[in-house]
>>> print(open('query25.cif').read())   # mmCIF, C-alpha atoms
data_input
#
loop_
_atom_site.label_atom_id
_atom_site.label_comp_id
_atom_site.auth_asym_id
_atom_site.auth_seq_id
_atom_site.Cartn_x
_atom_site.Cartn_y
_atom_site.Cartn_z
CA MET A 1 19.16 113.07 -80.10
CA GLY A 2 21.71 115.66 -79.01
CA PHE A 3 21.03 115.21 -75.30
CA VAL A 4 21.08 111.41 -75.60
CA ASN A 5 24.26 111.46 -77.67
CA ASN A 6 26.01 113.60 -75.05
CA ILE A 7 25.16 111.11 -72.33
CA LEU A 8 26.33 108.17 -74.43
CA GLN A 9 29.58 109.95 -75.32
CA GLN A 10 30.29 110.83 -71.70
CA LYS A 11 29.78 107.27 -70.56
CA LEU A 12 32.04 105.92 -73.30
CA GLU A 13 34.75 108.43 -72.43
CA ALA A 14 34.50 107.45 -68.76
CA LEU A 15 34.92 103.83 -69.78
CA LYS A 16 38.07 104.70 -71.74
CA GLU A 17 39.41 106.80 -68.87
CA LYS A 18 39.12 103.86 -66.48
CA GLY A 19 40.83 101.57 -68.96
CA ASN A 20 37.73 99.36 -69.36
CA TYR A 21 36.82 100.26 -72.94
CA ARG A 22 36.78 97.13 -75.09
CA TYR A 23 38.83 97.03 -78.26
CA PHE A 24 38.16 94.19 -80.68
CA LEU A 25 41.05 92.53 -82.45
CA GLU A 26 40.01 91.36 -85.91
CA VAL A 27 41.23 87.77 -85.99
CA ASN A 28 41.75 86.00 -89.29
CA LYS A 29 41.40 82.47 -87.94
CA SER A 30 43.13 79.59 -89.70
CA ALA A 31 41.75 76.09 -89.21
CA GLN A 32 44.95 74.69 -90.69
CA HIS A 33 47.38 76.66 -88.51
CA PHE A 34 45.48 76.94 -85.19
CA PRO A 35 46.45 78.17 -82.58
CA HIS A 36 48.29 80.54 -84.95
CA PHE A 37 46.16 83.22 -86.59
CA TYR A 38 46.67 86.37 -88.65
CA TYR A 39 45.73 90.00 -88.10
CA GLN A 40 46.58 93.49 -89.30
CA ASN A 41 48.32 95.84 -86.89
CA GLU A 42 47.59 99.57 -86.65
CA GLN A 43 49.99 100.23 -89.50
CA GLY A 44 48.07 97.84 -91.77
CA VAL A 45 50.83 95.23 -91.75
CA GLN A 46 49.73 91.58 -91.61
CA ARG A 47 51.11 89.80 -88.57
CA SER A 48 50.87 86.33 -87.07
CA ALA A 49 50.24 85.51 -83.41
CA VAL A 50 49.38 82.57 -81.15
CA ASN A 51 45.88 82.59 -79.70
CA TRP A 52 45.86 82.09 -75.92
CA CYS A 53 42.25 83.12 -75.25
CA SER A 54 40.11 80.94 -77.51
CA ASN A 55 37.63 78.65 -75.74
CA ASP A 56 38.05 76.07 -78.50
CA TYR A 57 39.65 73.81 -75.88
CA LEU A 58 39.74 70.61 -77.93
CA CYS A 59 40.15 72.45 -81.26
CA MET A 60 37.01 70.79 -82.59
CA SER A 61 36.19 73.81 -84.76
CA THR A 62 39.27 72.93 -86.82
CA GLU A 63 38.61 69.19 -87.13
CA GLU A 64 38.14 68.17 -90.76
CA GLU A 65 35.33 65.73 -89.98
CA ILE A 66 33.33 68.45 -88.23
CA ILE A 67 33.91 70.91 -91.06
CA SER A 68 32.91 68.27 -93.61
CA ARG A 69 29.72 67.41 -91.71
CA LEU A 70 28.79 71.10 -91.53
CA SER A 71 29.44 71.55 -95.24
CA PHE A 72 27.55 68.38 -96.25
CA THR A 73 24.44 69.24 -94.20
CA MET A 74 24.48 72.84 -95.35
CA HIS A 75 24.57 71.68 -98.96
CA ARG A 76 21.56 69.44 -98.31
CA SER A 77 19.51 71.62 -95.92
CA GLY A 78 20.57 75.19 -96.72
CA THR A 79 22.34 77.84 -94.69
CA GLY A 80 19.63 78.53 -92.08
CA SER A 81 16.43 77.14 -90.57
CA SER A 82 14.50 80.31 -91.52
CA GLY A 83 11.97 79.87 -88.76
CA THR A 84 11.34 79.49 -85.05
CA ARG A 85 11.15 76.00 -83.64
CA ASN A 86 7.36 76.19 -83.80
CA ILE A 87 7.28 77.45 -87.39
CA SER A 88 9.30 75.09 -89.62
CA GLY A 89 12.48 75.54 -87.54
CA THR A 90 12.54 72.05 -86.00
CA THR A 91 14.45 69.75 -88.32
CA ILE A 92 15.65 66.17 -87.95
CA HIS A 93 19.06 67.62 -87.05
CA HIS A 94 17.66 69.62 -84.12
CA ARG A 95 15.92 66.59 -82.66
CA GLU A 96 18.95 64.36 -83.22
CA LEU A 97 21.17 66.81 -81.34
CA GLU A 98 18.72 67.26 -78.46
CA SER A 99 18.44 63.50 -78.09
CA LYS A 100 22.22 63.16 -78.14
CA LEU A 101 22.64 65.89 -75.50
CA ALA A 102 20.01 64.30 -73.24
CA ASN A 103 21.73 60.92 -73.45
CA TRP A 104 25.15 62.49 -72.90
CA HIS A 105 24.01 64.14 -69.66
CA LYS A 106 21.82 61.18 -68.58
CA LYS A 107 18.70 63.36 -68.65
CA GLU A 108 15.26 62.69 -70.12
CA ASN A 109 15.40 65.55 -72.59
CA ALA A 110 17.28 68.62 -73.78
CA LEU A 111 16.39 71.94 -75.42
CA LEU A 112 18.52 73.92 -77.86
CA PHE A 113 19.06 77.68 -77.77
CA ASN A 114 21.15 80.05 -79.88
CA GLY A 115 23.59 80.44 -77.00
CA ALA A 116 24.19 79.36 -73.40
CA TYR A 117 23.55 82.97 -72.28
CA GLN A 118 20.12 82.85 -73.87
CA ALA A 119 19.47 79.42 -72.36
CA ASN A 120 20.30 80.68 -68.85
CA VAL A 121 18.28 83.87 -69.09
CA THR A 122 15.25 82.22 -70.67
CA THR A 123 15.11 79.24 -68.32
CA LEU A 124 15.59 81.15 -65.06
CA GLN A 125 13.31 84.00 -66.12
CA THR A 126 10.56 81.65 -67.25
CA LEU A 127 10.62 79.52 -64.11
CA GLY A 128 10.68 82.58 -61.87
CA ARG A 129 7.85 84.41 -63.61
CA HIS A 130 5.56 81.38 -63.60
CA ILE A 131 6.44 80.36 -60.03
CA PRO A 132 6.37 83.73 -58.18
CA GLU A 133 7.12 82.07 -54.84
CA LEU A 134 10.32 80.46 -56.19
CA PHE A 135 13.33 81.68 -54.19
CA PHE A 136 16.68 81.91 -55.98
CA ILE A 137 19.91 81.22 -54.05
CA SER A 138 22.84 82.27 -56.21
CA ASP A 139 26.64 82.01 -55.89
CA GLU A 140 28.23 85.48 -55.75
CA ARG A 141 30.61 84.60 -58.61
CA ASN A 142 27.93 83.47 -61.04
CA HIS A 143 28.13 84.43 -64.71
CA ALA A 144 26.30 87.52 -65.97
CA SER A 145 23.74 85.35 -67.79
CA LEU A 146 22.71 83.65 -64.54
CA ILE A 147 22.52 87.00 -62.76
CA GLU A 148 20.46 88.50 -65.59
CA GLY A 149 18.06 85.56 -65.69
CA ILE A 150 17.39 85.81 -61.96
CA ARG A 151 17.06 89.61 -62.12
CA ALA A 152 14.63 89.42 -65.06
CA ALA A 153 12.45 86.94 -63.17
CA GLY A 154 11.94 89.45 -60.34
CA ASN A 155 11.73 86.76 -57.67
CA PRO A 156 13.23 87.02 -54.19
CA LYS A 157 16.90 86.01 -54.12
CA ILE A 158 19.83 85.67 -51.75
CA ILE A 159 23.49 85.62 -52.79
CA PHE A 160 25.75 83.16 -50.98
CA ARG A 161 29.50 83.61 -50.64
CA HIS A 162 31.48 81.88 -53.36
CA ASN A 163 31.61 78.10 -52.81
CA ASP A 164 30.81 78.69 -49.11
CA LEU A 165 28.81 75.67 -47.93
CA LEU A 166 28.29 77.00 -44.42
CA HIS A 167 26.81 80.23 -45.72
CA LEU A 168 24.65 78.32 -48.18
CA GLU A 169 23.26 76.11 -45.42
CA GLU A 170 22.57 79.13 -43.23
CA ILE A 171 20.43 80.56 -46.03
CA LEU A 172 18.63 77.27 -46.64
CA GLU A 173 17.93 76.87 -42.92
CA SER A 174 16.39 80.34 -42.78
CA LEU A 175 13.76 79.53 -45.40
CA PRO A 176 10.57 77.53 -44.78
CA VAL A 177 10.88 73.87 -45.76
CA ASP A 178 7.94 74.16 -48.15
CA GLN A 179 9.33 77.33 -49.80
CA PRO A 180 10.12 76.54 -53.47
CA LYS A 181 13.84 77.28 -53.88
CA MET A 182 16.56 76.86 -56.45
CA ILE A 183 20.35 76.84 -55.92
CA VAL A 184 22.08 78.35 -58.96
CA PHE A 185 25.82 77.90 -59.48
CA GLU A 186 28.56 76.97 -61.97
CA SER A 187 30.62 73.79 -61.99
CA VAL A 188 33.76 75.56 -63.24
CA TYR A 189 34.01 79.33 -62.83
CA SER A 190 35.29 80.98 -65.96
CA ILE A 191 37.76 83.52 -64.54
CA THR A 192 39.35 82.02 -61.42
CA GLY A 193 38.82 78.46 -62.64
CA ASN A 194 37.43 77.46 -59.23
CA VAL A 195 35.51 74.19 -59.12
CA ALA A 196 32.24 74.14 -57.18
CA PRO A 197 31.72 71.58 -54.39
CA ILE A 198 28.95 70.02 -56.45
CA ARG A 199 28.47 66.90 -54.35
CA ASN A 200 28.06 68.85 -51.10
CA ILE A 201 25.74 71.41 -52.70
CA THR A 202 23.48 68.66 -54.03
CA ARG A 203 23.43 67.07 -50.55
CA LEU A 204 22.26 70.35 -49.08
CA ALA A 205 19.69 70.69 -51.84
CA LYS A 206 18.23 67.30 -50.96
CA LYS A 207 18.30 68.05 -47.24
CA TYR A 208 16.41 71.33 -47.66
CA GLN A 209 14.25 70.29 -50.63
CA ALA A 210 15.79 72.70 -53.14
CA ILE A 211 16.27 72.15 -56.87
CA THR A 212 19.65 72.71 -58.50
CA TYR A 213 20.64 74.61 -61.65
CA VAL A 214 24.26 74.15 -62.75
CA ASP A 215 26.05 76.03 -65.53
CA GLU A 216 28.56 73.61 -67.11
CA VAL A 217 29.72 75.69 -70.07
CA HIS A 218 33.43 75.53 -69.14
CA ALA A 219 33.26 71.84 -68.23
CA VAL A 220 31.32 70.30 -71.11
CA GLY A 221 33.63 68.20 -73.27
CA LEU A 222 36.54 68.31 -70.82
CA TYR A 223 35.65 66.10 -67.85
CA ALA A 224 34.33 62.54 -67.25
CA ASN A 225 35.12 59.46 -69.32
CA ASP A 226 32.75 60.53 -72.07
CA GLY A 227 33.50 64.25 -71.78
CA SER A 228 30.01 65.21 -70.63
CA GLY A 229 31.28 67.45 -67.83
CA MET A 230 32.18 67.91 -64.21
CA ILE A 231 28.80 66.67 -62.94
CA ALA A 232 29.31 63.35 -64.74
CA SER A 233 32.90 63.09 -63.51
CA GLU A 234 31.49 62.96 -59.97
CA GLY A 235 28.61 60.68 -60.91
CA LEU A 236 25.98 63.26 -59.98
CA GLN A 237 23.78 63.36 -63.08
CA ASP A 238 20.78 62.14 -61.08
CA ASP A 239 21.36 64.72 -58.32
CA VAL A 240 21.37 67.86 -60.48
CA ASP A 241 17.98 68.96 -61.79
CA ILE A 242 18.93 71.33 -64.64
CA ILE A 243 22.21 71.40 -66.57
CA ASN A 244 23.16 74.33 -68.80
CA GLY A 245 25.78 73.77 -71.47
CA THR A 246 27.27 75.25 -74.60
CA LEU A 247 28.08 74.04 -78.09
CA SER A 248 30.41 77.01 -78.64
CA LYS A 249 33.46 76.11 -76.55
CA ALA A 250 34.86 72.56 -76.31
CA ILE A 251 32.33 71.25 -78.84
CA GLY A 252 33.62 73.86 -81.27
CA VAL A 253 30.41 74.83 -83.06
CA PHE A 254 27.70 77.26 -81.88
CA GLY A 255 24.70 77.38 -79.57
CA GLY A 256 23.59 76.50 -76.05
CA TYR A 257 21.18 74.16 -74.33
CA ILE A 258 19.62 72.89 -71.13
CA ALA A 259 19.18 69.24 -70.16
CA ALA A 260 16.57 68.21 -67.61
CA SER A 261 13.37 66.20 -67.11
CA ASN A 262 10.74 65.85 -69.82
CA LEU A 263 8.36 67.97 -67.76
CA LEU A 264 10.76 70.86 -67.27
CA ILE A 265 11.89 70.87 -70.91
CA ASP A 266 8.27 70.87 -72.08
CA PHE A 267 7.50 73.78 -69.76
CA ILE A 268 10.38 75.95 -71.02
CA ARG A 269 9.56 74.96 -74.61
CA SER A 270 5.95 76.04 -74.06
CA PHE A 271 6.41 79.21 -71.97
CA GLY A 272 9.97 80.50 -72.55
CA THR A 273 9.71 83.59 -74.76
CA GLY A 274 13.46 83.56 -75.40
CA PHE A 275 12.96 80.15 -76.99
CA ILE A 276 9.57 80.58 -78.64
CA PHE A 277 10.30 83.81 -80.52
CA THR A 278 13.85 83.11 -81.75
CA THR A 279 14.85 81.64 -85.10
CA SER A 280 16.32 78.22 -84.46
CA LEU A 281 19.92 77.17 -85.05
CA PRO A 282 20.88 76.33 -88.65
CA PRO A 283 20.44 72.58 -89.32
CA ALA A 284 24.09 72.29 -90.39
CA VAL A 285 25.26 73.69 -87.05
CA CYS A 286 23.19 71.07 -85.22
CA SER A 287 24.55 68.31 -87.43
CA ALA A 288 28.16 69.42 -86.89
CA ALA A 289 27.61 69.62 -83.11
CA SER A 290 26.21 66.07 -83.10
CA LYS A 291 29.28 64.82 -84.92
CA SER A 292 31.57 66.70 -82.54
CA ILE A 293 29.91 65.15 -79.47
CA GLU A 294 30.26 61.70 -81.02
CA MET A 295 33.99 62.26 -81.53
CA ILE A 296 34.57 63.85 -78.11
CA SER A 297 32.74 61.05 -76.30
CA CYS A 298 35.11 58.37 -77.59
CA ASN A 299 38.39 60.34 -77.66
CA GLY A 300 39.56 60.56 -74.08
CA ALA A 301 43.11 61.06 -75.37
CA TRP A 302 42.16 64.59 -76.48
CA ARG A 303 41.10 65.47 -72.94
CA ALA A 304 44.26 63.91 -71.55
CA GLN A 305 46.33 65.97 -73.96
CA LEU A 306 44.58 69.18 -72.91
CA HIS A 307 45.00 68.53 -69.18
CA ASN A 308 48.65 67.55 -69.67
CA ASN A 309 49.17 70.88 -71.45
CA VAL A 310 47.65 72.64 -68.44
CA LEU A 311 50.27 70.99 -66.22
CA LEU A 312 53.07 71.98 -68.61
CA LEU A 313 51.79 75.56 -68.70
CA ARG A 314 51.66 75.88 -64.93
CA ALA A 315 55.10 74.32 -64.57
CA ALA A 316 56.48 76.92 -66.99
CA LEU A 317 54.75 79.76 -65.11
CA ASN A 318 56.11 78.44 -61.81
CA GLN A 319 59.60 78.30 -63.26
CA GLN A 320 59.31 81.97 -64.28
CA GLY A 321 57.89 82.95 -60.88
CA ILE A 322 54.53 84.04 -62.32
CA GLN A 323 51.66 83.76 -59.85
CA TYR A 324 48.25 82.55 -60.95
CA TYR A 325 44.96 81.50 -59.36
CA GLN A 326 45.33 78.00 -57.94
CA ASN A 327 42.49 75.66 -58.89
CA GLU A 328 41.66 72.12 -59.96
CA SER A 329 40.38 73.03 -63.42
CA HIS A 330 41.97 73.83 -66.77
CA ILE A 331 41.65 77.64 -66.54
CA THR A 332 44.80 79.58 -65.62
CA SER A 333 44.45 83.28 -64.77
CA VAL A 334 47.25 85.67 -63.88
CA LYS A 335 46.05 88.49 -61.65
CA VAL A 336 47.17 91.99 -62.67
CA GLY A 337 44.83 94.11 -60.52
CA ASN A 338 44.75 97.27 -62.63
CA SER A 339 42.69 97.76 -65.79
CA ARG A 340 45.13 100.06 -67.61
CA LEU A 341 48.11 97.88 -66.72
CA CYS A 342 46.22 94.78 -67.78
CA LYS A 343 45.53 96.21 -71.22
CA GLU A 344 49.08 97.53 -71.65
CA VAL A 345 50.53 94.11 -70.82
CA ALA A 346 48.17 92.44 -73.31
CA ASP A 347 48.99 95.02 -76.02
CA SER A 348 52.73 94.55 -75.52
CA LEU A 349 52.46 90.78 -75.62
CA LEU A 350 50.66 90.99 -78.96
CA SER A 351 52.79 93.64 -80.63
CA GLN A 352 56.20 92.55 -79.31
CA GLN A 353 55.86 88.80 -78.79
CA GLY A 354 53.06 87.61 -81.07
CA ILE A 355 50.99 86.43 -78.10
CA TYR A 356 47.26 87.17 -77.96
CA LEU A 357 45.90 87.35 -74.41
CA GLN A 358 42.72 89.36 -73.95
CA PRO A 359 42.67 91.51 -70.77
CA ILE A 360 39.79 90.60 -68.44
CA ASN A 361 38.57 93.88 -66.96
CA SER A 362 35.40 95.27 -65.32
CA PRO A 363 32.50 94.49 -65.54
CA THR A 364 33.59 90.89 -66.19
CA VAL A 365 35.52 91.06 -62.92
CA PRO A 366 35.24 93.57 -60.04
CA PRO A 367 37.73 96.49 -60.07
CA GLY A 368 41.01 95.36 -58.59
CA GLU A 369 40.67 91.80 -59.91
CA GLU A 370 41.70 92.49 -63.50
CA CYS A 371 43.60 89.55 -64.94
CA LEU A 372 44.98 87.81 -67.99
CA ARG A 373 43.14 84.51 -68.50
CA ILE A 374 45.30 81.96 -70.27
CA VAL A 375 43.28 79.39 -72.19
CA ILE A 376 45.38 76.51 -73.43
CA THR A 377 44.15 73.95 -75.96
CA ARG A 378 45.23 70.48 -76.95
CA LYS A 379 47.10 71.90 -79.96
CA HIS A 380 49.36 74.28 -78.07
CA GLN A 381 52.91 72.96 -78.08
CA LEU A 382 55.71 73.12 -75.53
CA LYS A 383 57.48 75.80 -77.60
CA HIS A 384 54.35 77.95 -77.41
CA ILE A 385 54.13 77.42 -73.65
CA ASN A 386 57.75 78.32 -72.98
CA HIS A 387 57.57 81.40 -75.19
CA LEU A 388 54.43 82.56 -73.36
CA ALA A 389 55.92 82.10 -69.89
CA HIS A 390 59.19 83.85 -70.78
CA SER A 391 57.43 86.73 -72.55
CA LEU A 392 54.89 87.18 -69.79
CA LYS A 393 57.60 87.47 -67.17
CA LYS A 394 59.50 89.99 -69.29
CA ILE A 395 56.50 92.22 -70.04
CA LEU A 396 55.08 92.05 -66.52
CA HIS A 397 58.45 93.09 -65.10
CA GLU A 398 58.79 95.99 -67.53
CA LYS A 399 55.28 97.27 -66.88
CA ASP A 400 55.58 96.81 -63.14
CA GLN A 401 58.70 98.97 -63.08
CA ALA A 402 56.88 101.66 -65.03
CA TYR A 403 53.68 101.53 -63.00
CA ARG A 404 55.02 101.18 -59.47
CA PRO A 405 55.99 104.89 -59.06
CA LYS A 406 52.58 105.97 -60.41
CA LEU A 407 50.68 103.67 -58.07
CA GLU A 408 52.78 104.75 -55.09
CA ALA A 409 52.16 108.41 -55.93
CA VAL A 410 48.41 107.79 -56.09
CA ALA A 411 48.48 105.94 -52.77
CA ALA A 412 50.47 108.75 -51.14
CA ALA A 413 48.01 111.37 -52.44
CA ASP A 414 45.09 109.40 -50.98
#
>>> encode(input="query25.cif", output="structure tokens")
Amino acid sequence: MGFVNNILQQKLEALKEKGNYRYFLEVNKSAQHFPHFYYQNEQGVQRSAVNWCSNDYLCMSTEEEIISRLSFTMHRSGTGSSGTRNISGTTIHHRELESKLANWHKKENALLFNGAYQANVTTLQTLGRHIPELFFISDERNHASLIEGIRAAGNPKIIFRHNDLLHLEEILESLPVDQPKMIVFESVYSITGNVAPIRNITRLAKKYQAITYVDEVHAVGLYANDGSGMIASEGLQDDVDIINGTLSKAIGVFGGYIAASNLLIDFIRSFGTGFIFTTSLPPAVCSAASKSIEMISCNGAWRAQLHNNVLLLRAALNQQGIQYYQNESHITSVKVGNSRLCKEVADSLLSQQGIYLQPINSPTVPPGEECLRIVITRKHQLKHINHLAHSLKKILHEKDQAYRPKLEAVAAAD
């Protein structure tokens, strides 16, 4: 093991040297006080901070009705399913949730997974391996799970420039009409917050006889009258073939899923090894997710509150002169552009201002695009927003003054 350990140690040290090593903050989450939470600093002192990077957009994980449903079902059905879906792991709660998800997305059926990452990898890999001639056409900004699923399939693929319809059509035109092909993209991109031109992509898909696979994990719960996502907000449920979603963000529970036709769901259920050989979600988790979807579907005021908070946040950032990626979604990212600087800013915000913003560094983003992604929820208040904007301006200015001479020296040496 000595040789292997040396290699592992060297790679970890290189990661630290570049500023991309990941440190985990141990969060003591409070359902009663969210977005406030508690943690121990390096000196072992308990501190409080405001969470600005949780994907619990609608704060459903803290809703008493969801917690009660989870507790009630767990008391009745136990803590886990204790089996794969094929071996005693399909309960009434799994089928109820899949039916609810299918209806929500206006699809014939849905299939649960233990996470949206697993759903993406399993679905894309399974389709690719069983249809060797299937050609993948993937947006260059796609999530790692989409990339990994396509890579694991081993099929031919072409990457199109981010949200570039002209480039996408050039690719589609270059392929034979009868070539099986799939366009893979996200509705809302998790770092920049860019929204895909879904309607135009589906038009191209129809024109060139391609099927569409859309990752909606950052849109589910937040868009359309019933909260079912960006696809529904544009009335395109019938034009998208496969929808990927998550139960772990706006729904506030845990797990992932796909929604599609009966035939496709049956195929993945029958051939997808990432589904077949995995213990199913606990029944209580499924029950809580069902309750959450019921509540989200009929509470448009929660979505309105979230999106109003996004406007208040951006107004506060504008007032402080803080630049961020412009987009039409709810995600607000402040570009820093240096991994070490990004982490130092985040560390200072936490230790000095009680603000928790996780630095987004490589490999999540390419080097030079490091940023601080601000995730606001419906429970953040104006006082939290103003404190964040003021503190962010102060820390960014301090760090910029410290880093500028170093960066200029490096540039001069090069």
>>> resolve_selection(input="query25.cif", expression="the PyMOL selection byres ((chain A and resi 202) around 12)", output="ChimeraX atom specification")
/A:165,168-169,182-185,187,196-201,203-214,231,234-242
>>> resolve_selection(input="query25.cif", expression="the PyMOL selection byres ((chain A and resi 338) around 12)", output="PDB file with C-alpha atoms, in the coordinates of the input")
ATOM      1  CA  LYS A  18      39.120 103.860 -66.480  1.00  0.00           C
ATOM      2  CA  GLY A  19      40.830 101.570 -68.960  1.00  0.00           C
ATOM      3  CA  ASN A  20      37.730  99.360 -69.360  1.00  0.00           C
ATOM      4  CA  VAL A 334      47.250  85.670 -63.880  1.00  0.00           C
ATOM      5  CA  LYS A 335      46.050  88.490 -61.650  1.00  0.00           C
ATOM      6  CA  VAL A 336      47.170  91.990 -62.670  1.00  0.00           C
ATOM      7  CA  GLY A 337      44.830  94.110 -60.520  1.00  0.00           C
ATOM      8  CA  SER A 339      42.690  97.760 -65.790  1.00  0.00           C
ATOM      9  CA  ARG A 340      45.130 100.060 -67.610  1.00  0.00           C
ATOM     10  CA  LEU A 341      48.110  97.880 -66.720  1.00  0.00           C
ATOM     11  CA  CYS A 342      46.220  94.780 -67.780  1.00  0.00           C
ATOM     12  CA  LYS A 343      45.530  96.210 -71.220  1.00  0.00           C
ATOM     13  CA  GLU A 344      49.080  97.530 -71.650  1.00  0.00           C
ATOM     14  CA  VAL A 345      50.530  94.110 -70.820  1.00  0.00           C
ATOM     15  CA  PRO A 359      42.670  91.510 -70.770  1.00  0.00           C
ATOM     16  CA  ILE A 360      39.790  90.600 -68.440  1.00  0.00           C
ATOM     17  CA  ASN A 361      38.570  93.880 -66.960  1.00  0.00           C
ATOM     18  CA  SER A 362      35.400  95.270 -65.320  1.00  0.00           C
ATOM     19  CA  VAL A 365      35.520  91.060 -62.920  1.00  0.00           C
ATOM     20  CA  PRO A 366      35.240  93.570 -60.040  1.00  0.00           C
ATOM     21  CA  PRO A 367      37.730  96.490 -60.070  1.00  0.00           C
ATOM     22  CA  GLY A 368      41.010  95.360 -58.590  1.00  0.00           C
ATOM     23  CA  GLU A 369      40.670  91.800 -59.910  1.00  0.00           C
ATOM     24  CA  GLU A 370      41.700  92.490 -63.500  1.00  0.00           C
ATOM     25  CA  CYS A 371      43.600  89.550 -64.940  1.00  0.00           C
ATOM     26  CA  LEU A 372      44.980  87.810 -67.990  1.00  0.00           C
ATOM     27  CA  LYS A 399      55.280  97.270 -66.880  1.00  0.00           C
ATOM     28  CA  ASP A 400      55.580  96.810 -63.140  1.00  0.00           C
ATOM     29  CA  TYR A 403      53.680 101.530 -63.000  1.00  0.00           C
ATOM     30  CA  ARG A 404      55.020 101.180 -59.470  1.00  0.00           C
ATOM     31  CA  LYS A 406      52.580 105.970 -60.410  1.00  0.00           C
ATOM     32  CA  LEU A 407      50.680 103.670 -58.070  1.00  0.00           C
TER      33      LEU A 407
END
>>> resolve_selection(input="query25.cif", expression="the PyMOL selection byres ((chain A and resi 66-82) around 6)", output="PyMOL selection string")
chain A and resi 63-65+83+89+282+284+288
>>> residues_near_point(input="query25.cif", point="(31.8, 73.7, -69.3)", cutoff="8 Å", atoms="only C-alpha atoms", output="number ranges by chain")
A: 187-188, 215-222, 229-230, 245-246, 249-250
>>> residues_around(input="query25.cif", residues="Arg161 (chain A)", least_positions_apart="4", cutoff="9 Å", atoms="all atoms listed in the file", output="PyMOL selection string")
chain A and resi 138-141+165+167-168
>>> write_last_selection(input="query25.cif", atoms="C-alpha atoms", output="compact mmCIF listing (two decimals), keeping the file's coordinate frame")
# COMPACT_ATOMS: atom_id res chain seq x y z
CA SER A 138 22.84 82.27 -56.21
CA ASP A 139 26.64 82.01 -55.89
CA GLU A 140 28.23 85.48 -55.75
CA ARG A 141 30.61 84.60 -58.61
CA LEU A 165 28.81 75.67 -47.93
CA HIS A 167 26.81 80.23 -45.72
CA LEU A 168 24.65 78.32 -48.18
>>> residues_near_point(input="query25.cif", point="(49.9, 95.4, -76.2)", cutoff="12 Å", atoms="all atoms listed in the file", output="MDAnalysis selection string")
chainID A and resid 23 25 41:42 340:359 392 395:396 399
>>> write_last_selection(input="query25.cif", atoms="C-alpha atoms", output="PDB file, keeping the file's coordinate frame")
ATOM      1  CA  TYR A  23      38.830  97.030 -78.260  1.00  0.00           C
ATOM      2  CA  LEU A  25      41.050  92.530 -82.450  1.00  0.00           C
ATOM      3  CA  ASN A  41      48.320  95.840 -86.890  1.00  0.00           C
ATOM      4  CA  GLU A  42      47.590  99.570 -86.650  1.00  0.00           C
ATOM      5  CA  ARG A 340      45.130 100.060 -67.610  1.00  0.00           C
ATOM      6  CA  LEU A 341      48.110  97.880 -66.720  1.00  0.00           C
ATOM      7  CA  CYS A 342      46.220  94.780 -67.780  1.00  0.00           C
ATOM      8  CA  LYS A 343      45.530  96.210 -71.220  1.00  0.00           C
ATOM      9  CA  GLU A 344      49.080  97.530 -71.650  1.00  0.00           C
ATOM     10  CA  VAL A 345      50.530  94.110 -70.820  1.00  0.00           C
ATOM     11  CA  ALA A 346      48.170  92.440 -73.310  1.00  0.00           C
ATOM     12  CA  ASP A 347      48.990  95.020 -76.020  1.00  0.00           C
ATOM     13  CA  SER A 348      52.730  94.550 -75.520  1.00  0.00           C
ATOM     14  CA  LEU A 349      52.460  90.780 -75.620  1.00  0.00           C
ATOM     15  CA  LEU A 350      50.660  90.990 -78.960  1.00  0.00           C
ATOM     16  CA  SER A 351      52.790  93.640 -80.630  1.00  0.00           C
ATOM     17  CA  GLN A 352      56.200  92.550 -79.310  1.00  0.00           C
ATOM     18  CA  GLN A 353      55.860  88.800 -78.790  1.00  0.00           C
ATOM     19  CA  GLY A 354      53.060  87.610 -81.070  1.00  0.00           C
ATOM     20  CA  ILE A 355      50.990  86.430 -78.100  1.00  0.00           C
ATOM     21  CA  TYR A 356      47.260  87.170 -77.960  1.00  0.00           C
ATOM     22  CA  LEU A 357      45.900  87.350 -74.410  1.00  0.00           C
ATOM     23  CA  GLN A 358      42.720  89.360 -73.950  1.00  0.00           C
ATOM     24  CA  PRO A 359      42.670  91.510 -70.770  1.00  0.00           C
ATOM     25  CA  LEU A 392      54.890  87.180 -69.790  1.00  0.00           C
ATOM     26  CA  ILE A 395      56.500  92.220 -70.040  1.00  0.00           C
ATOM     27  CA  LEU A 396      55.080  92.050 -66.520  1.00  0.00           C
ATOM     28  CA  LYS A 399      55.280  97.270 -66.880  1.00  0.00           C
TER      29      LYS A 399
END
>>> residues_around(input="query25.cif", residues="Glu96 (chain A)", least_positions_apart="3", cutoff="10 Å", atoms="only C-alpha atoms", output="list in words")
Thr91, Ile92, His93, Ser99, Lys100, Leu101, Cys286, Ser287 and Ser290 of chain A
>>> atom_distance(input="query25.cif", atom1="CA of Ile243 (chain A)", atom2="CA of Ser329 (chain A)")
18.5 Å
>>> atom_distance(input="query25.cif", atom1="CA of Ala260 (chain A)", atom2="CA of Ala102 (chain A)")
7.7 Å
>>> closest_residue(input="query25.cif", among="A:Leu263, A:Ala389, A:Met295, A:Ala153", to="Gln323 (chain A)", atoms="all atoms listed in the file")
A:Ala389
>>> residues_around(input="query25.cif", residues="Leu312 (chain A)", least_positions_apart="2", cutoff="12 Å", atoms="only C-alpha atoms", output="list in words")
Gln305, Leu306, His307, Asn308, Asn309, Val310, Arg314, Ala315, Ala316, Leu317, Asn318, Gln319, His330, Thr332, Ile376, Thr377, Arg378, His380, Gln381, Leu382, Lys383, His384, Ile385, Asn386, Leu388 and Ala389 of chain A
>>> closest_residue(input="query25.cif", among="A:Leu313, A:Val253, A:Leu281, A:Ala119", to="Cys59 (chain A)", atoms="all atoms listed in the file")
A:Val253
